[in-house]
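Chemist: Input file: work-v4.csv. Contents: CSV, C-alpha atoms.
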chain,number,residue,atom,x,y,z
A,1,MET,CA,26.4,-6.5,27.9
A,2,ASN,CA,25.8,-3.4,25.7
A,3,TYR,CA,24.6,-3.1,22.2
A,4,ALA,CA,28.0,-2.3,20.7
A,5,ASN,CA,29.4,-5.6,22.0
A,6,LEU,CA,26.4,-7.7,20.9
A,7,ARG,CA,26.7,-6.6,17.3
A,8,SER,CA,30.4,-7.0,17.0
A,9,GLY,CA,31.2,-9.0,13.8
A,10,ILE,CA,27.6,-9.5,12.8
A,11,ALA,CA,26.3,-8.0,9.5
A,12,TYR,CA,22.6,-7.3,10.1
A,13,ARG,CA,20.3,-7.0,7.1
A,14,ALA,CA,17.2,-6.1,9.0
A,15,VAL,CA,16.2,-4.8,12.5
A,16,ILE,CA,12.8,-4.8,14.1
A,17,ILE,CA,12.0,-2.7,17.2
A,18,LEU,CA,8.8,-3.6,18.9
A,19,SER,CA,7.6,-0.9,21.3
A,20,GLY,CA,11.1,0.3,21.9
A,21,ALA,CA,12.8,3.2,23.6
A,22,GLU,CA,16.3,4.5,23.4
A,23,ASP,CA,18.7,3.6,26.2
A,24,THR,CA,20.7,6.8,26.6
A,25,PHE,CA,23.1,5.0,29.0
A,26,GLN,CA,24.4,2.5,26.5
A,27,SER,CA,27.2,3.1,23.9
A,28,TYR,CA,26.3,2.4,20.3
A,29,ALA,CA,28.7,1.2,17.7
A,30,THR,CA,29.1,3.2,14.5
A,31,GLU,CA,27.1,1.5,11.8
A,32,ALA,CA,29.2,0.0,9.0
A,33,SER,CA,26.0,-0.8,7.2
A,34,ARG,CA,22.5,0.5,7.4
A,35,PRO,CA,20.2,-2.5,7.8
A,36,ASP,CA,16.5,-2.1,6.9
A,37,LEU,CA,14.6,-0.9,10.0
A,38,LEU,CA,11.0,-1.5,11.1
A,39,VAL,CA,9.8,0.3,14.3
A,40,VAL,CA,6.4,-0.9,15.6
A,41,GLN,CA,4.6,1.3,18.2
A,42,SER,CA,1.0,1.9,19.4
A,43,LEU,CA,-0.7,5.2,20.1
A,44,ALA,CA,-2.5,3.5,23.0
A,45,ASP,CA,0.6,2.1,24.7
A,46,GLN,CA,0.6,3.5,28.2
A,47,CYS,CA,3.8,1.6,29.3
A,48,ASN,CA,6.0,2.9,26.4
A,49,PRO,CA,4.4,6.1,24.9
A,50,MET,CA,4.4,6.6,21.2
A,51,ARG,CA,6.9,9.5,21.5
A,52,PHE,CA,9.7,7.0,22.4
A,53,GLY,CA,9.2,5.0,19.2
A,54,VAL,CA,9.1,8.2,17.2
A,55,GLN,CA,12.3,9.4,18.9
A,56,LEU,CA,14.1,6.2,17.9
A,57,TYR,CA,12.8,6.3,14.3
A,58,ASP,CA,13.7,10.0,13.9
A,59,GLY,CA,17.1,9.5,15.5
A,60,ILE,CA,18.2,6.9,12.9
A,61,HIS,CA,19.2,8.8,9.8
A,62,GLN,CA,18.8,6.5,6.9
A,63,SER,CA,16.4,6.1,4.0
A,64,ASN,CA,15.5,2.4,4.5
A,65,LYS,CA,13.3,2.6,7.6
A,66,TRP,CA,9.7,1.9,8.2
A,67,PHE,CA,7.3,2.8,11.1
A,68,LEU,CA,4.2,0.8,11.8
A,69,GLU,CA,1.7,2.8,13.9
A,70,LEU,CA,-0.9,0.7,15.7
A,71,GLN,CA,-4.0,2.8,16.7
A,72,THR,CA,-5.6,1.0,19.6
A,73,ALA,CA,-3.3,-1.8,20.8
A,74,HIS,CA,-1.7,-1.7,24.2
A,75,HIS,CA,2.0,-2.5,25.1
A,76,LEU,CA,2.4,-6.3,24.9
A,77,PRO,CA,-0.9,-7.7,23.3
A,78,PRO,CA,0.1,-7.0,19.7
A,79,PHE,CA,3.3,-9.0,20.3
A,80,ASP,CA,2.1,-11.9,22.5
A,81,GLY,CA,-1.1,-12.7,20.7
A,82,VAL,CA,-3.5,-11.5,23.4
A,83,ASP,CA,-4.9,-8.9,21.0
A,84,ALA,CA,-5.4,-11.2,18.0
A,85,ALA,CA,-6.2,-8.4,15.5
A,86,ALA,CA,-3.2,-6.3,16.3
A,87,PHE,CA,-1.0,-9.5,16.5
A,88,GLY,CA,-2.2,-10.4,13.0
A,89,VAL,CA,-1.2,-7.0,11.7
A,90,VAL,CA,2.2,-7.1,13.4
A,91,THR,CA,2.9,-10.6,12.2
A,92,SER,CA,1.9,-10.1,8.6
A,93,THR,CA,3.8,-6.8,8.4
A,94,THR,CA,7.0,-8.1,10.1
A,95,ILE,CA,7.0,-11.2,7.9
A,96,ARG,CA,6.6,-9.2,4.7
A,97,PHE,CA,9.3,-6.7,5.9
A,98,LEU,CA,11.8,-9.5,6.5
A,99,GLN,CA,11.0,-11.1,3.2
A,100,MET,CA,11.5,-7.9,1.3
A,101,SER,CA,14.7,-7.1,3.3
A,102,LEU,CA,16.3,-10.5,2.8
A,103,GLU,CA,15.2,-10.9,-0.9
A,104,THR,CA,16.6,-7.7,-2.2
A,105,SER,CA,20.0,-6.1,-2.2
A,106,ARG,CA,18.6,-2.6,-2.6
A,107,PRO,CA,17.3,-0.6,0.4
A,108,LEU,CA,13.6,-0.5,1.0
A,109,PRO,CA,12.0,3.0,0.7
A,110,THR,CA,11.1,4.9,3.9
A,111,SER,CA,7.5,4.5,4.8
A,112,TRP,CA,5.2,5.3,7.7
A,113,LEU,CA,2.7,2.5,7.9
A,114,ARG,CA,-0.6,3.0,9.8
A,115,ALA,CA,-2.7,0.1,11.0
A,116,ILE,CA,-6.1,1.8,11.0
A,117,ASN,CA,-9.0,0.4,12.9
A,118,VAL,CA,-7.1,-2.3,14.8
A,119,PRO,CA,-9.9,-3.4,17.2
A,120,ARG,CA,-9.5,-3.8,20.9
A,121,PRO,CA,-9.2,-7.5,21.9
A,122,LEU,CA,-12.9,-8.3,22.4
A,123,GLU,CA,-14.2,-6.5,19.3
A,124,SER,CA,-14.7,-8.3,16.0
A,125,SER,CA,-13.6,-6.4,13.0
A,126,SER,CA,-10.5,-6.8,10.7
A,127,ALA,CA,-7.5,-4.6,10.2
A,128,SER,CA,-5.0,-4.5,7.4
A,129,THR,CA,-1.8,-2.7,6.3
A,130,ASP,CA,-0.4,-2.2,2.9
A,131,LEU,CA,3.2,-3.2,2.8
A,132,ARG,CA,4.7,-3.0,-0.7
Would you put the structure from the file into structure tokens?
Modeler:
Amino acid sequence: MNYANLRSGIAYRAVIILSGAEDTFQSYATEASRPDLLVVQSLADQCNPMRFGVQLYDGIHQSNKWFLELQTAHHLPPFDGVDAAAFGVVTSTTIRFLQMSLETSRPLPTSWLRAINVPRPLESSSASTDLR
């Protein structure tokens, strides 16, 4: 099933893409609305390079989009909890993003968030992002 069929009749208010890449073989529906968008990608992702997340982000022409750049996390650990520090940043950022998207009727401003100093899994330091 393609994306256009999946979203038929559904009014999305927020979309989160975790380490995503564009599928150029799928058809996309014309957007009736522009749901808030959060793209999460890591510079250290060797499975899905940063350029693919940036390509998705740049290809979506709307003002209410955010990009969370993780500095040292790999492909799945920030999403499955193996990298606890990166998982914490992703979790807190996505929860706040969804709260803000669902609590307001106005679009969120465009931002490029950067999670600086997210440690590798066995290191012990903290990381934070500022999501306002």
Chemist: How many Å lie between CA of Gln55 in chain A and CA of Ile16 in chain A, rounded to one decimal?
Modeler: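 Interatomic distance, CA of Gln55 in chain A to CA of Ile16 in chain A: 15.0 Å.
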Chemist: So that I can see what lies close to Gly59 in chain A, please list as JSON, numbers by chain the residues with an atom at most 10 Å from it, counting only C-alpha atoms and leaving out residues fewer than 5 positions away in the same chain.
Modeler: {"A": [22, 53, 54]}
Chemist: Report, in Å to a single decimal, how far apart CA of Pro77 in chain A and CA of Asp36 in chain A are.
Modeler: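 Those two atoms sit 24.6 Å apart.
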Chemist: Of the candidates A:Leu18, A:Ala84, A:Ile60, A:Leu76, which shows the shortest atom-to-atom distance to Cys47 in chain A, using all atoms listed in the file?
Modeler: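 Nearest to Cys47 in chain A: A:Leu76.
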Chemist: Assuming the input is short of atoms at range 43-54 of chain A, produce all heavy atoms for that part as a PDB file, in the coordinates of the input.
Modeler:
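Saved the output as selection_20.pdb:
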ATOM      1  N   LEU A  43      -0.240   3.920  19.498  1.00  0.00           N
ATOM      2  CA  LEU A  43      -0.700   5.200  20.100  1.00  0.00           C
ATOM      3  C   LEU A  43      -1.283   4.953  21.490  1.00  0.00           C
ATOM      4  O   LEU A  43      -1.225   5.832  22.333  1.00  0.00           O
ATOM      5  CB  LEU A  43      -1.796   5.802  19.209  1.00  0.00           C
ATOM      6  CG  LEU A  43      -1.334   6.587  18.011  1.00  0.00           C
ATOM      7  CD1 LEU A  43      -2.521   6.967  17.129  1.00  0.00           C
ATOM      8  CD2 LEU A  43      -0.587   7.829  18.441  1.00  0.00           C
ATOM      9  N   ALA A  44      -1.867   3.787  21.738  1.00  0.00           N
ATOM     10  CA  ALA A  44      -2.500   3.500  23.000  1.00  0.00           C
ATOM     11  C   ALA A  44      -1.604   2.868  24.050  1.00  0.00           C
ATOM     12  O   ALA A  44      -2.049   2.526  25.139  1.00  0.00           O
ATOM     13  CB  ALA A  44      -3.739   2.597  22.777  1.00  0.00           C
ATOM     14  N   ASP A  45      -0.329   2.716  23.740  1.00  0.00           N
ATOM     15  CA  ASP A  45       0.600   2.100  24.700  1.00  0.00           C
ATOM     16  C   ASP A  45       0.868   3.031  25.846  1.00  0.00           C
ATOM     17  O   ASP A  45       1.447   4.100  25.679  1.00  0.00           O
ATOM     18  CB  ASP A  45       1.941   1.813  23.923  1.00  0.00           C
ATOM     19  CG  ASP A  45       2.908   0.976  24.731  1.00  0.00           C
ATOM     20  OD1 ASP A  45       2.856   1.011  25.984  1.00  0.00           O
ATOM     21  OD2 ASP A  45       3.744   0.289  24.120  1.00  0.00           O
ATOM     22  N   GLN A  46       0.425   2.640  27.032  1.00  0.00           N
ATOM     23  CA  GLN A  46       0.600   3.500  28.200  1.00  0.00           C
ATOM     24  C   GLN A  46       1.888   3.131  28.972  1.00  0.00           C
ATOM     25  O   GLN A  46       2.322   3.875  29.836  1.00  0.00           O
ATOM     26  CB  GLN A  46      -0.607   3.319  29.139  1.00  0.00           C
ATOM     27  CG  GLN A  46      -1.868   3.864  28.502  1.00  0.00           C
ATOM     28  CD  GLN A  46      -3.091   3.647  29.367  1.00  0.00           C
ATOM     29  OE1 GLN A  46      -3.032   3.055  30.442  1.00  0.00           O
ATOM     30  NE2 GLN A  46      -4.225   4.128  28.889  1.00  0.00           N
ATOM     31  N   CYS A  47       2.510   2.013  28.628  1.00  0.00           N
ATOM     32  CA  CYS A  47       3.800   1.600  29.300  1.00  0.00           C
ATOM     33  C   CYS A  47       4.956   2.283  28.576  1.00  0.00           C
ATOM     34  O   CYS A  47       5.886   2.740  29.230  1.00  0.00           O
ATOM     35  CB  CYS A  47       3.898   0.093  29.191  1.00  0.00           C
ATOM     36  SG  CYS A  47       5.414  -0.540  29.908  1.00  0.00           S
ATOM     37  N   ASN A  48       4.920   2.323  27.256  1.00  0.00           N
ATOM     38  CA  ASN A  48       6.000   2.900  26.400  1.00  0.00           C
ATOM     39  C   ASN A  48       5.323   3.861  25.434  1.00  0.00           C
ATOM     40  O   ASN A  48       4.927   3.424  24.361  1.00  0.00           O
ATOM     41  CB  ASN A  48       6.777   1.814  25.736  1.00  0.00           C
ATOM     42  CG  ASN A  48       8.009   2.345  25.060  1.00  0.00           C
ATOM     43  OD1 ASN A  48       8.862   2.934  25.700  1.00  0.00           O
ATOM     44  ND2 ASN A  48       8.102   2.153  23.758  1.00  0.00           N
ATOM     45  N   PRO A  49       5.165   5.129  25.786  1.00  0.00           N
ATOM     46  CA  PRO A  49       4.400   6.100  24.900  1.00  0.00           C
ATOM     47  C   PRO A  49       4.981   6.167  23.514  1.00  0.00           C
ATOM     48  O   PRO A  49       6.165   5.950  23.270  1.00  0.00           O
ATOM     49  CB  PRO A  49       4.551   7.394  25.670  1.00  0.00           C
ATOM     50  CG  PRO A  49       4.836   7.029  27.087  1.00  0.00           C
ATOM     51  CD  PRO A  49       5.638   5.755  27.014  1.00  0.00           C
ATOM     52  N   MET A  50       4.108   6.503  22.595  1.00  0.00           N
ATOM     53  CA  MET A  50       4.400   6.600  21.200  1.00  0.00           C
ATOM     54  C   MET A  50       5.660   7.517  20.946  1.00  0.00           C
ATOM     55  O   MET A  50       6.469   7.244  20.072  1.00  0.00           O
ATOM     56  CB  MET A  50       3.219   7.225  20.428  1.00  0.00           C
ATOM     57  CG  MET A  50       3.472   7.572  18.980  1.00  0.00           C
ATOM     58  SD  MET A  50       3.825   6.164  17.924  1.00  0.00           S
ATOM     59  CE  MET A  50       2.185   5.701  17.465  1.00  0.00           C
ATOM     60  N   ARG A  51       5.821   8.550  21.735  1.00  0.00           N
ATOM     61  CA  ARG A  51       6.900   9.500  21.500  1.00  0.00           C
ATOM     62  C   ARG A  51       8.299   8.796  21.558  1.00  0.00           C
ATOM     63  O   ARG A  51       9.232   9.215  20.892  1.00  0.00           O
ATOM     64  CB  ARG A  51       6.865  10.663  22.482  1.00  0.00           C
ATOM     65  CG  ARG A  51       7.187  10.334  23.909  1.00  0.00           C
ATOM     66  CD  ARG A  51       7.132  11.585  24.812  1.00  0.00           C
ATOM     67  NE  ARG A  51       7.461  11.273  26.169  1.00  0.00           N
ATOM     68  CZ  ARG A  51       6.601  10.809  27.070  1.00  0.00           C
ATOM     69  NH1 ARG A  51       5.341  10.633  26.741  1.00  0.00           N
ATOM     70  NH2 ARG A  51       6.998  10.534  28.297  1.00  0.00           N
ATOM     71  N   PHE A  52       8.417   7.710  22.337  1.00  0.00           N
ATOM     72  CA  PHE A  52       9.700   7.000  22.400  1.00  0.00           C
ATOM     73  C   PHE A  52      10.014   6.260  21.119  1.00  0.00           C
ATOM     74  O   PHE A  52      11.151   6.247  20.670  1.00  0.00           O
ATOM     75  CB  PHE A  52       9.728   6.047  23.606  1.00  0.00           C
ATOM     76  CG  PHE A  52       9.666   6.745  24.936  1.00  0.00           C
ATOM     77  CD1 PHE A  52       8.789   6.307  25.910  1.00  0.00           C
ATOM     78  CD2 PHE A  52      10.457   7.850  25.219  1.00  0.00           C
ATOM     79  CE1 PHE A  52       8.716   6.941  27.141  1.00  0.00           C
ATOM     80  CE2 PHE A  52      10.397   8.492  26.439  1.00  0.00           C
ATOM     81  CZ  PHE A  52       9.520   8.040  27.401  1.00  0.00           C
ATOM     82  N   GLY A  53       9.013   5.623  20.528  1.00  0.00           N
ATOM     83  CA  GLY A  53       9.200   5.000  19.200  1.00  0.00           C
ATOM     84  C   GLY A  53       9.522   5.966  18.138  1.00  0.00           C
ATOM     85  O   GLY A  53      10.387   5.737  17.295  1.00  0.00           O
ATOM     86  N   VAL A  54       8.836   7.104  18.161  1.00  0.00           N
ATOM     87  CA  VAL A  54       9.100   8.200  17.200  1.00  0.00           C
ATOM     88  C   VAL A  54      10.485   8.730  17.356  1.00  0.00           C
ATOM     89  O   VAL A  54      11.199   8.981  16.385  1.00  0.00           O
ATOM     90  CB  VAL A  54       8.008   9.266  17.278  1.00  0.00           C
ATOM     91  CG1 VAL A  54       8.354  10.455  16.402  1.00  0.00           C
ATOM     92  CG2 VAL A  54       6.639   8.712  16.912  1.00  0.00           C
TER      93      VAL A  54
END
